[in-house]
>>> print(open('entry-v6.pdb').read())   # PDB, C-alpha atoms
ATOM      1  CA  MET K 428      -1.685  13.544  22.014  1.00  0.00           C
ATOM      2  CA  PRO K 429      -1.220  15.042  25.540  1.00  0.00           C
ATOM      3  CA  SER K 430       1.968  16.994  26.143  1.00  0.00           C
ATOM      4  CA  PRO K 431       4.368  15.469  28.677  1.00  0.00           C
ATOM      5  CA  PRO K 432       5.870  17.693  31.368  1.00  0.00           C
ATOM      6  CA  ALA K 433       9.423  16.889  30.209  1.00  0.00           C
ATOM      7  CA  THR K 434      11.192  19.116  27.723  1.00  0.00           C
ATOM      8  CA  TYR K 435      12.348  17.911  24.330  1.00  0.00           C
ATOM      9  CA  ILE K 436      15.040  18.787  21.807  1.00  0.00           C
ATOM     10  CA  PRO K 437      13.568  19.930  18.437  1.00  0.00           C
ATOM     11  CA  ASP K 438      16.561  18.656  16.459  1.00  0.00           C
ATOM     12  CA  ILE K 439      16.074  15.159  17.870  1.00  0.00           C
ATOM     13  CA  LEU K 440      12.372  15.275  17.015  1.00  0.00           C
ATOM     14  CA  GLU K 441      13.220  16.202  13.422  1.00  0.00           C
ATOM     15  CA  GLU K 442      15.739  13.377  13.339  1.00  0.00           C
ATOM     16  CA  HIS K 443      13.058  10.899  14.420  1.00  0.00           C
ATOM     17  CA  VAL K 444      10.777  12.078  11.603  1.00  0.00           C
ATOM     18  CA  GLU K 445      13.529  11.997   8.989  1.00  0.00           C
ATOM     19  CA  GLU K 446      14.654   8.521  10.067  1.00  0.00           C
ATOM     20  CA  LEU K 447      11.064   7.308   9.973  1.00  0.00           C
ATOM     21  CA  ALA K 448      10.799   8.533   6.373  1.00  0.00           C
ATOM     22  CA  PHE K 449      14.119   6.928   5.414  1.00  0.00           C
ATOM     23  CA  LEU K 450      13.315   3.596   7.051  1.00  0.00           C
ATOM     24  CA  TRP K 451       9.910   3.411   5.418  1.00  0.00           C
ATOM     25  CA  GLY K 452      11.598   3.802   2.062  1.00  0.00           C
ATOM     26  CA  GLN K 453      13.929   0.964   3.041  1.00  0.00           C
ATOM     27  CA  ARG K 454      10.930  -1.137   3.993  1.00  0.00           C
ATOM     28  CA  GLN K 455       9.305  -0.561   0.597  1.00  0.00           C
ATOM     29  CA  THR K 456      12.463  -1.851  -1.088  1.00  0.00           C
ATOM     30  CA  ALA K 457      12.825  -4.773   1.320  1.00  0.00           C
ATOM     31  CA  LEU K 458       9.363  -6.130   0.525  1.00  0.00           C
ATOM     32  CA  ARG K 459      10.564  -7.386  -2.877  1.00  0.00           C
ATOM     33  CA  ASP K 460      14.251  -7.827  -2.134  1.00  0.00           C
ATOM     34  CA  PRO K 461      15.102 -11.571  -2.111  1.00  0.00           C
ATOM     35  CA  ASP K 462      18.280 -10.846  -0.136  1.00  0.00           C
ATOM     36  CA  TYR K 463      16.326  -9.544   2.848  1.00  0.00           C
ATOM     37  CA  THR K 464      15.791 -12.174   5.547  1.00  0.00           C
ATOM     38  CA  ILE K 465      12.762 -12.286   7.835  1.00  0.00           C
ATOM     39  CA  ARG K 466      15.040 -11.425  10.744  1.00  0.00           C
ATOM     40  CA  GLU K 467      16.409  -8.363   8.943  1.00  0.00           C
ATOM     41  CA  PHE K 468      12.915  -7.263   7.998  1.00  0.00           C
ATOM     42  CA  GLY K 469      11.790  -7.658  11.613  1.00  0.00           C
ATOM     43  CA  HIS K 470      14.710  -5.500  12.754  1.00  0.00           C
ATOM     44  CA  LEU K 471      13.695  -2.856  10.226  1.00  0.00           C
ATOM     45  CA  GLU K 472      10.139  -2.901  11.602  1.00  0.00           C
ATOM     46  CA  GLU K 473      11.475  -2.478  15.141  1.00  0.00           C
ATOM     47  CA  ARG K 474      13.475   0.590  14.111  1.00  0.00           C
ATOM     48  CA  ILE K 475      10.401   2.099  12.441  1.00  0.00           C
ATOM     49  CA  THR K 476       8.373   1.553  15.609  1.00  0.00           C
ATOM     50  CA  ALA K 477      11.113   3.061  17.778  1.00  0.00           C
ATOM     51  CA  HIS K 478      11.244   6.273  15.721  1.00  0.00           C
ATOM     52  CA  ARG K 479       7.449   6.488  15.642  1.00  0.00           C
ATOM     53  CA  ASP K 480       7.407   6.212  19.434  1.00  0.00           C
ATOM     54  CA  GLY K 481      10.135   8.831  19.635  1.00  0.00           C
ATOM     55  CA  VAL K 482       7.852  11.251  17.802  1.00  0.00           C
ATOM     56  CA  LEU K 483       4.844  10.365  19.956  1.00  0.00           C
ATOM     57  CA  ALA K 484       6.848  10.779  23.160  1.00  0.00           C
ATOM     58  CA  VAL K 485       6.885  14.578  22.895  1.00  0.00           C
ATOM     59  CA  GLY K 486       3.109  14.834  22.622  1.00  0.00           C
ATOM     60  CA  ASP K 487       1.597  18.019  21.221  1.00  0.00           C
ATOM     61  CA  HIS K 488       5.040  19.544  20.694  1.00  0.00           C
ATOM     62  CA  ALA K 489       5.292  17.392  17.570  1.00  0.00           C
ATOM     63  CA  LEU K 490       2.103  18.690  15.972  1.00  0.00           C
ATOM     64  CA  PRO K 491       3.520  21.742  14.106  1.00  0.00           C
ATOM     65  CA  LEU K 492       6.281  19.656  12.548  1.00  0.00           C
ATOM     66  CA  LEU K 493       3.926  16.826  11.597  1.00  0.00           C
ATOM     67  CA  GLU K 494       1.289  19.140  10.163  1.00  0.00           C
ATOM     68  CA  ASP K 495       3.949  20.788   8.018  1.00  0.00           C
ATOM     69  CA  GLY K 496       5.062  17.311   6.977  1.00  0.00           C
ATOM     70  CA  LEU K 497       1.651  16.505   5.536  1.00  0.00           C
ATOM     71  CA  ALA K 498       2.163  19.280   2.978  1.00  0.00           C
ATOM     72  CA  GLN K 499       5.680  18.248   1.918  1.00  0.00           C
ATOM     73  CA  ASP K 500       6.542  17.317  -1.660  1.00  0.00           C
ATOM     74  CA  ASP K 501       8.680  14.415  -0.414  1.00  0.00           C
ATOM     75  CA  ALA K 502       6.162  11.560  -0.200  1.00  0.00           C
ATOM     76  CA  LEU K 503       8.177   9.668   2.433  1.00  0.00           C
ATOM     77  CA  LEU K 504       8.126  12.719   4.709  1.00  0.00           C
ATOM     78  CA  VAL K 505       4.361  12.823   4.200  1.00  0.00           C
ATOM     79  CA  PHE K 506       4.195   9.238   5.451  1.00  0.00           C
ATOM     80  CA  ALA K 507       6.484  10.078   8.389  1.00  0.00           C
ATOM     81  CA  ALA K 508       4.036  12.796   9.409  1.00  0.00           C
ATOM     82  CA  ALA K 509       0.816  10.836   8.889  1.00  0.00           C
ATOM     83  CA  TYR K 510       1.912   7.601  10.559  1.00  0.00           C
ATOM     84  CA  PRO K 511       2.500   8.999  14.077  1.00  0.00           C
ATOM     85  CA  LEU K 512      -0.487  11.333  13.764  1.00  0.00           C
ATOM     86  CA  LEU K 513      -2.764   8.333  13.222  1.00  0.00           C
ATOM     87  CA  HIS K 514      -1.086   6.430  16.052  1.00  0.00           C
ATOM     88  CA  SER K 515      -1.652   9.345  18.419  1.00  0.00           C
ATOM     89  CA  GLY K 516      -5.340   8.462  18.667  1.00  0.00           C
ATOM     90  CA  SER K 517      -6.312  12.122  18.432  1.00  0.00           C
ATOM     91  CA  PRO K 518      -9.528  12.691  16.418  1.00  0.00           C
ATOM     92  CA  SER K 519      -8.225  16.065  15.198  1.00  0.00           C
ATOM     93  CA  ALA K 520      -4.911  14.514  14.085  1.00  0.00           C
ATOM     94  CA  THR K 521      -6.759  11.747  12.224  1.00  0.00           C
ATOM     95  CA  ALA K 522      -8.960  14.365  10.561  1.00  0.00           C
ATOM     96  CA  ARG K 523      -5.862  16.247   9.346  1.00  0.00           C
ATOM     97  CA  VAL K 524      -4.443  13.087   7.807  1.00  0.00           C
ATOM     98  CA  LEU K 525      -7.710  12.203   6.090  1.00  0.00           C
ATOM     99  CA  ASP K 526      -8.072  15.725   4.717  1.00  0.00           C
ATOM    100  CA  ALA K 527      -4.610  15.406   3.165  1.00  0.00           C
ATOM    101  CA  PHE K 528      -5.473  11.923   1.883  1.00  0.00           C
ATOM    102  CA  ARG K 529      -8.699  13.101   0.250  1.00  0.00           C
ATOM    103  CA  ASN K 530      -6.833  15.654  -1.867  1.00  0.00           C
ATOM    104  CA  ALA K 531      -3.576  13.788  -2.524  1.00  0.00           C
ATOM    105  CA  GLU K 532      -2.284  12.432  -5.823  1.00  0.00           C
ATOM    106  CA  GLY K 533       0.560  10.245  -7.043  1.00  0.00           C
ATOM    107  CA  GLU K 534       3.257   9.270  -4.577  1.00  0.00           C
ATOM    108  CA  ARG K 535       1.828  11.452  -1.821  1.00  0.00           C
ATOM    109  CA  LEU K 536      -1.433   9.520  -2.081  1.00  0.00           C
ATOM    110  CA  ALA K 537       0.448   6.205  -2.054  1.00  0.00           C
ATOM    111  CA  ARG K 538       2.376   7.038   1.109  1.00  0.00           C
ATOM    112  CA  LEU K 539      -0.725   8.355   2.890  1.00  0.00           C
ATOM    113  CA  GLU K 540      -2.395   5.077   1.951  1.00  0.00           C
ATOM    114  CA  ASP K 541       0.559   3.281   3.565  1.00  0.00           C
ATOM    115  CA  ALA K 542      -0.076   5.191   6.767  1.00  0.00           C
ATOM    116  CA  LEU K 543      -3.789   4.332   6.706  1.00  0.00           C
ATOM    117  CA  ARG K 544      -2.976   0.672   6.059  1.00  0.00           C
ATOM    118  CA  HIS K 545      -0.543   0.299   8.935  1.00  0.00           C
ATOM    119  CA  ALA K 546      -1.907   2.625  11.608  1.00  0.00           C
ATOM    120  CA  PRO K 547      -5.200   2.563  13.527  1.00  0.00           C
ATOM    121  CA  LEU K 548      -8.079   4.247  11.711  1.00  0.00           C
ATOM    122  CA  GLY K 549     -10.012   4.871  14.923  1.00  0.00           C
ATOM    123  CA  GLY K 550     -12.783   7.389  14.456  1.00  0.00           C
ATOM    124  CA  GLY K 551     -11.616   7.984  10.890  1.00  0.00           C
ATOM    125  CA  LEU K 552     -13.001   4.632   9.713  1.00  0.00           C
ATOM    126  CA  PRO K 553     -16.408   6.007   8.590  1.00  0.00           C
ATOM    127  CA  LEU K 554     -14.786   8.697   6.440  1.00  0.00           C
ATOM    128  CA  VAL K 555     -12.420   6.180   4.843  1.00  0.00           C
ATOM    129  CA  GLN K 556     -15.491   4.071   4.028  1.00  0.00           C
ATOM    130  CA  VAL K 557     -17.176   7.096   2.450  1.00  0.00           C
ATOM    131  CA  LEU K 558     -14.082   7.872   0.380  1.00  0.00           C
ATOM    132  CA  SER K 559     -13.907   4.254  -0.803  1.00  0.00           C
ATOM    133  CA  GLN K 560     -17.373   4.673  -2.299  1.00  0.00           C
ATOM    134  CA  ASN K 561     -17.499   8.321  -3.344  1.00  0.00           C
ATOM    135  CA  GLY K 562     -13.925   9.590  -3.628  1.00  0.00           C
ATOM    136  CA  ARG K 563     -12.060  10.255  -6.856  1.00  0.00           C
ATOM    137  CA  ALA K 564     -11.126   6.904  -8.375  1.00  0.00           C
ATOM    138  CA  PRO K 565      -7.445   6.974  -7.273  1.00  0.00           C
ATOM    139  CA  VAL K 566      -8.519   7.958  -3.759  1.00  0.00           C
ATOM    140  CA  ALA K 567     -11.379   5.447  -3.726  1.00  0.00           C
ATOM    141  CA  VAL K 568      -9.157   2.496  -4.633  1.00  0.00           C
ATOM    142  CA  ALA K 569      -6.550   3.632  -2.080  1.00  0.00           C
ATOM    143  CA  ALA K 570      -9.239   3.944   0.607  1.00  0.00           C
ATOM    144  CA  SER K 571     -10.650   0.524  -0.304  1.00  0.00           C
ATOM    145  CA  THR K 572      -7.178  -1.002  -0.024  1.00  0.00           C
ATOM    146  CA  ALA K 573      -6.665   0.565   3.401  1.00  0.00           C
ATOM    147  CA  LEU K 574     -10.016  -0.867   4.502  1.00  0.00           C
ATOM    148  CA  ALA K 575      -8.986  -4.276   3.187  1.00  0.00           C
ATOM    149  CA  PHE K 576      -5.872  -4.168   5.371  1.00  0.00           C
ATOM    150  CA  HIS K 577      -8.131  -3.558   8.373  1.00  0.00           C
ATOM    151  CA  SER K 578     -10.561  -6.343   7.327  1.00  0.00           C
ATOM    152  CA  ALA K 579     -13.229  -3.679   6.902  1.00  0.00           C
ATOM    153  CA  LEU K 580     -14.087  -4.263   3.231  1.00  0.00           C
ATOM    154  CA  HIS K 581     -16.292  -7.106   2.050  1.00  0.00           C
ATOM    155  CA  PRO K 582     -14.619  -9.187  -0.682  1.00  0.00           C
ATOM    156  CA  ALA K 583     -17.510  -8.874  -3.125  1.00  0.00           C
ATOM    157  CA  ALA K 584     -17.008  -8.579  -6.864  1.00  0.00           C
ATOM    158  CA  GLU K 585     -19.032  -5.369  -7.092  1.00  0.00           C
ATOM    159  CA  GLU K 586     -16.632  -3.690  -4.655  1.00  0.00           C
ATOM    160  CA  VAL K 587     -13.748  -3.932  -7.116  1.00  0.00           C
ATOM    161  CA  LEU K 588     -15.264  -4.318 -10.594  1.00  0.00           C
ATOM    162  CA  ARG K 589     -15.558  -0.544 -11.037  1.00  0.00           C
ATOM    163  CA  PHE K 590     -11.801  -0.246 -10.527  1.00  0.00           C
ATOM    164  CA  LEU K 591     -10.970  -3.115 -12.887  1.00  0.00           C
ATOM    165  CA  GLN K 592     -12.915  -1.451 -15.685  1.00  0.00           C
ATOM    166  CA  HIS K 593     -11.720   2.115 -15.066  1.00  0.00           C
ATOM    167  CA  GLU K 594     -10.247   4.121 -17.956  1.00  0.00           C
ATOM    168  CA  ASP K 595      -7.131   4.964 -15.909  1.00  0.00           C
ATOM    169  CA  ALA K 596      -4.573   2.140 -16.130  1.00  0.00           C
ATOM    170  CA  ALA K 597      -3.174   3.027 -12.699  1.00  0.00           C
ATOM    171  CA  VAL K 598      -6.619   2.531 -11.164  1.00  0.00           C
ATOM    172  CA  ARG K 599      -7.058  -0.784 -12.991  1.00  0.00           C
ATOM    173  CA  ARG K 600      -3.688  -1.966 -11.681  1.00  0.00           C
ATOM    174  CA  ARG K 601      -4.566  -0.992  -8.126  1.00  0.00           C
ATOM    175  CA  GLY K 602      -7.931  -2.686  -8.554  1.00  0.00           C
ATOM    176  CA  TRP K 603      -6.220  -5.979  -9.366  1.00  0.00           C
ATOM    177  CA  GLN K 604      -3.968  -5.561  -6.348  1.00  0.00           C
ATOM    178  CA  LEU K 605      -7.114  -5.111  -4.285  1.00  0.00           C
ATOM    179  CA  VAL K 606      -8.503  -8.352  -5.735  1.00  0.00           C
ATOM    180  CA  ALA K 607      -5.386 -10.122  -4.452  1.00  0.00           C
ATOM    181  CA  TYR K 608      -5.650  -8.582  -0.989  1.00  0.00           C
ATOM    182  CA  LEU K 609      -9.321  -9.507  -0.676  1.00  0.00           C
ATOM    183  CA  GLY K 610      -9.314 -12.840  -2.439  1.00  0.00           C
ATOM    184  CA  ALA K 611     -12.306 -11.390  -4.259  1.00  0.00           C
ATOM    185  CA  PRO K 612     -14.201 -13.494  -6.806  1.00  0.00           C
ATOM    186  CA  VAL K 613     -13.775 -12.192 -10.354  1.00  0.00           C
ATOM    187  CA  ASP K 614     -15.400 -13.491 -13.504  1.00  0.00           C
ATOM    188  CA  PRO K 615     -12.919 -15.378 -15.772  1.00  0.00           C
ATOM    189  CA  LYS K 616     -13.893 -13.090 -18.669  1.00  0.00           C
ATOM    190  CA  THR K 617     -12.640 -10.116 -16.646  1.00  0.00           C
ATOM    191  CA  TYR K 618      -9.344 -11.921 -16.090  1.00  0.00           C
ATOM    192  CA  ALA K 619      -9.154 -12.686 -19.806  1.00  0.00           C
ATOM    193  CA  ALA K 620      -9.637  -9.016 -20.666  1.00  0.00           C
ATOM    194  CA  ALA K 621      -6.966  -7.997 -18.152  1.00  0.00           C
ATOM    195  CA  VAL K 622      -4.269 -10.262 -19.585  1.00  0.00           C
ATOM    196  CA  ARG K 623      -4.859  -8.525 -22.925  1.00  0.00           C
ATOM    197  CA  ASP K 624      -4.709  -5.049 -21.358  1.00  0.00           C
ATOM    198  CA  ALA K 625      -2.586  -2.516 -23.230  1.00  0.00           C
ATOM    199  CA  ASP K 626      -0.774  -1.676 -19.981  1.00  0.00           C
ATOM    200  CA  ALA K 627       1.903  -4.185 -18.918  1.00  0.00           C
ATOM    201  CA  ALA K 628       1.541  -3.281 -15.227  1.00  0.00           C
ATOM    202  CA  VAL K 629      -2.171  -4.103 -15.372  1.00  0.00           C
ATOM    203  CA  ARG K 630      -1.451  -7.464 -17.006  1.00  0.00           C
ATOM    204  CA  ARG K 631       1.106  -8.299 -14.335  1.00  0.00           C
ATOM    205  CA  ALA K 632      -1.218  -7.238 -11.503  1.00  0.00           C
ATOM    206  CA  ALA K 633      -4.057  -9.362 -12.899  1.00  0.00           C
ATOM    207  CA  LEU K 634      -1.839 -12.429 -13.170  1.00  0.00           C
ATOM    208  CA  GLU K 635      -0.538 -11.902  -9.635  1.00  0.00           C
ATOM    209  CA  ALA K 636      -4.106 -11.552  -8.366  1.00  0.00           C
ATOM    210  CA  GLY K 637      -5.060 -14.770 -10.131  1.00  0.00           C
ATOM    211  CA  ALA K 638      -2.099 -16.526  -8.540  1.00  0.00           C
ATOM    212  CA  TRP K 639      -3.035 -15.383  -5.048  1.00  0.00           C
ATOM    213  CA  CYS K 640      -6.695 -16.245  -5.561  1.00  0.00           C
ATOM    214  CA  GLY K 641      -6.038 -19.677  -7.093  1.00  0.00           C
ATOM    215  CA  GLU K 642      -7.516 -18.772 -10.476  1.00  0.00           C
ATOM    216  CA  GLN K 643      -7.196 -21.936 -12.552  1.00  0.00           C
ATOM    217  CA  GLY K 644      -6.225 -20.232 -15.805  1.00  0.00           C
ATOM    218  CA  VAL K 645      -3.285 -18.152 -14.560  1.00  0.00           C
ATOM    219  CA  LEU K 646      -0.437 -20.646 -14.833  1.00  0.00           C
ATOM    220  CA  PRO K 647      -1.364 -21.831 -18.365  1.00  0.00           C
ATOM    221  CA  VAL K 648      -1.558 -18.194 -19.508  1.00  0.00           C
ATOM    222  CA  CYS K 649       1.877 -17.475 -18.066  1.00  0.00           C
ATOM    223  CA  ARG K 650       3.318 -20.543 -19.805  1.00  0.00           C
ATOM    224  CA  LYS K 651       1.718 -19.608 -23.109  1.00  0.00           C
ATOM    225  CA  LEU K 652       3.144 -16.087 -22.978  1.00  0.00           C
ATOM    226  CA  ALA K 653       6.554 -17.355 -21.882  1.00  0.00           C
ATOM    227  CA  ALA K 654       6.657 -19.764 -24.849  1.00  0.00           C
ATOM    228  CA  GLU K 655       7.123 -16.770 -27.156  1.00  0.00           C
ATOM    229  CA  PRO K 656       9.208 -14.410 -25.039  1.00  0.00           C
ATOM    230  CA  VAL K 657       9.581 -10.793 -26.051  1.00  0.00           C
ATOM    231  CA  PRO K 658      10.934  -7.882 -23.976  1.00  0.00           C
ATOM    232  CA  GLU K 659       7.385  -6.772 -23.155  1.00  0.00           C
ATOM    233  CA  GLN K 660       6.763 -10.144 -21.497  1.00  0.00           C
ATOM    234  CA  LEU K 661       9.724 -10.177 -19.130  1.00  0.00           C
ATOM    235  CA  ASP K 662       7.340  -9.550 -16.243  1.00  0.00           C
ATOM    236  CA  VAL K 663       5.453 -12.718 -17.186  1.00  0.00           C
ATOM    237  CA  LEU K 664       8.663 -14.752 -17.196  1.00  0.00           C
ATOM    238  CA  GLU K 665       9.466 -13.425 -13.737  1.00  0.00           C
ATOM    239  CA  LEU K 666       5.995 -14.304 -12.498  1.00  0.00           C
ATOM    240  CA  LEU K 667       6.234 -17.788 -13.986  1.00  0.00           C
ATOM    241  CA  ALA K 668       9.475 -18.317 -12.061  1.00  0.00           C
ATOM    242  CA  VAL K 669       7.716 -17.258  -8.862  1.00  0.00           C
ATOM    243  CA  LEU K 670       4.837 -19.647  -9.572  1.00  0.00           C
ATOM    244  CA  GLY K 671       7.137 -22.529 -10.419  1.00  0.00           C
ATOM    245  CA  GLY K 672       6.382 -24.395  -7.192  1.00  0.00           C
ATOM    246  CA  ALA K 673       2.797 -23.254  -6.883  1.00  0.00           C
ATOM    247  CA  GLU K 674       1.248 -26.533  -7.973  1.00  0.00           C
ATOM    248  CA  ASP K 675       3.081 -28.361  -5.203  1.00  0.00           C
ATOM    249  CA  LEU K 676       1.632 -25.859  -2.752  1.00  0.00           C
ATOM    250  CA  ARG K 677      -1.884 -26.512  -4.115  1.00  0.00           C
ATOM    251  CA  LEU K 678      -2.388 -22.872  -4.981  1.00  0.00           C
ATOM    252  CA  PHE K 679      -3.988 -23.806  -8.339  1.00  0.00           C
TER     253      PHE K 679
END
>>> encode(input="entry-v6.pdb", output="structure tokens")
Amino acid sequence: MPSPPATYIPDILEEHVEELAFLWGQRQTALRDPDYTIREFGHLEERITAHRDGVLAVGDHALPLLEDGLAQDDALLVFAAAYPLLHSGSPSATARVLDAFRNAEGERLARLEDALRHAPLGGGLPLVQVLSQNGRAPVAVAASTALAFHSALHPAAEEVLRFLQHEDAAVRRRGWQLVAYLGAPVDPKTYAAAVRDADAAVRRAALEAGAWCGEQGVLPVCRKLAAEPVPEQLDVLELLAVLGGAEDLRLF
């Protein structure tokens, strides 16, 4: 991230970072907001890119602010620091992001994963691959998902089965999301176990994965659960509504 000869205004740099954090939060909401149009979403992406470029424009002057951002409690500010650091192409900046990622938890981990998904991995790719195999389970599934976004993870069942069977429900849920991203083959018995999972979020994620992957048994399961609706099955009713036209689209 070479420093340009021009001066910069620190307050404007901070504003770029804060707007980047705010807009990324808006983007997260927009992904599942039916009122958002493709045009509006594209405009949101353009604004995110503009603020990222505003941070990158000041070169090394941004590093102290971004490095501090990686340690923030506000997960969106963590993203706003990591995203331009990865886009800078600097090996040392990438290393700082990956060090934060390796030790992160909860929302901070999720937003660092976002940055790794949507920014170049560059020379950090080998370490992300190592973390996907040997990191703590939450980090490993996050690293595997980032690799999937970069088409750098083979969609083999053994890559994800360890997540689907993990004792932590959050890891199981993320494992099923990874199945959907990869289109990974999963044994029907594993699907059957997932739709009986004690955690509703895991059940929903498994059904969504089956829908994306064209698993033959997903729609009948949704209909069976919807036939006896209870509050705990509201997510299934919502999914069934989404899948209503799936047969016409030959997804099943």
>>> residues_near_point(input="entry-v6.pdb", point="(-0.1, 10.5, 18.4)", cutoff="10 Å", atoms="only C-alpha atoms", output="PyMOL selection string")
chain K and resi 428-429+479-480+482-487+489-490+509-518+520-521
>>> residues_around(input="entry-v6.pdb", residues="Arg538 in chain K", least_positions_apart="4", cutoff="10 Å", atoms="all atoms listed in the file", output="list in words")
Trp451, Gly452, Asp501, Ala502, Leu503, Leu504, Val505, Phe506, Ala507, Ala509, Tyr510, Phe528, Ala531, Glu532, Gly533, Glu534, Ala542, Leu543 and Arg544 of chain K
>>> resolve_selection(input="entry-v6.pdb", expression="the PyMOL selection byres ((chain K and resi 580) around 12)", output="ChimeraX atom specification")
/K:552-553,555-557,559-560,568,570-579,581-587,605-606,608-611
>>> write_last_selection(input="entry-v6.pdb", atoms="C-alpha atoms", output="JSON list (two decimals), in the coordinates of the input")
[["chain", "number", "residue", "atom", "x", "y", "z"],
["K", 552, "LEU", "CA", -13.00, 4.63, 9.71],
["K", 553, "PRO", "CA", -16.41, 6.01, 8.59],
["K", 555, "VAL", "CA", -12.42, 6.18, 4.84],
["K", 556, "GLN", "CA", -15.49, 4.07, 4.03],
["K", 557, "VAL", "CA", -17.18, 7.10, 2.45],
["K", 559, "SER", "CA", -13.91, 4.25, -0.80],
["K", 560, "GLN", "CA", -17.37, 4.67, -2.30],
["K", 568, "VAL", "CA", -9.16, 2.50, -4.63],
["K", 570, "ALA", "CA", -9.24, 3.94, 0.61],
["K", 571, "SER", "CA", -10.65, 0.52, -0.30],
["K", 572, "THR", "CA", -7.18, -1.00, -0.02],
["K", 573, "ALA", "CA", -6.66, 0.56, 3.40],
["K", 574, "LEU", "CA", -10.02, -0.87, 4.50],
["K", 575, "ALA", "CA", -8.99, -4.28, 3.19],
["K", 576, "PHE", "CA", -5.87, -4.17, 5.37],
["K", 577, "HIS", "CA", -8.13, -3.56, 8.37],
["K", 578, "SER", "CA", -10.56, -6.34, 7.33],
["K", 579, "ALA", "CA", -13.23, -3.68, 6.90],
["K", 581, "HIS", "CA", -16.29, -7.11, 2.05],
["K", 582, "PRO", "CA", -14.62, -9.19, -0.68],
["K", 583, "ALA", "CA", -17.51, -8.87, -3.12],
["K", 584, "ALA", "CA", -17.01, -8.58, -6.86],
["K", 585, "GLU", "CA", -19.03, -5.37, -7.09],
["K", 586, "GLU", "CA", -16.63, -3.69, -4.66],
["K", 587, "VAL", "CA", -13.75, -3.93, -7.12],
["K", 605, "LEU", "CA", -7.11, -5.11, -4.28],
["K", 606, "VAL", "CA", -8.50, -8.35, -5.74],
["K", 608, "TYR", "CA", -5.65, -8.58, -0.99],
["K", 609, "LEU", "CA", -9.32, -9.51, -0.68],
["K", 610, "GLY", "CA", -9.31, -12.84, -2.44],
["K", 611, "ALA", "CA", -12.31, -11.39, -4.26]]
>>> resolve_selection(input="entry-v6.pdb", expression="the PyMOL selection byres ((chain K and resi 475) around 10)", output="MDAnalysis selection string")
chainID K and resid 443 446:451 454 469:474 476:481 507
>>> residues_around(input="entry-v6.pdb", residues="Pro565 in chain K", least_positions_apart="4", cutoff="8 Å", atoms="all atoms listed in the file", output="list in words")
Glu532, Ala569, Ala597 and Val598 of chain K
>>> closest_residue(input="entry-v6.pdb", among="K:Arg601, K:Pro615, K:Val629, K:Ala498", to="Asn530 in chain K", atoms="all atoms listed in the file")
K:Ala498
>>> atom_distance(input="entry-v6.pdb", atom1="CA of Gln455 in chain K", atom2="CA of Arg535 in chain K")
14.4 Å
>>> atom_distance(input="entry-v6.pdb", atom1="CA of Asp624 in chain K", atom2="CA of Val648 in chain K")
13.6 Å
>>> residues_around(input="entry-v6.pdb", residues="Arg630 in chain K", least_positions_apart="4", cutoff="10 Å", atoms="only C-alpha atoms", output="PyMOL selection string")
chain K and resi 599-600+603+618-626+634-636+660+662-663
>>> atom_distance(input="entry-v6.pdb", atom1="CA of Leu493 in chain K", atom2="CA of Glu442 in chain K")
12.4 Å
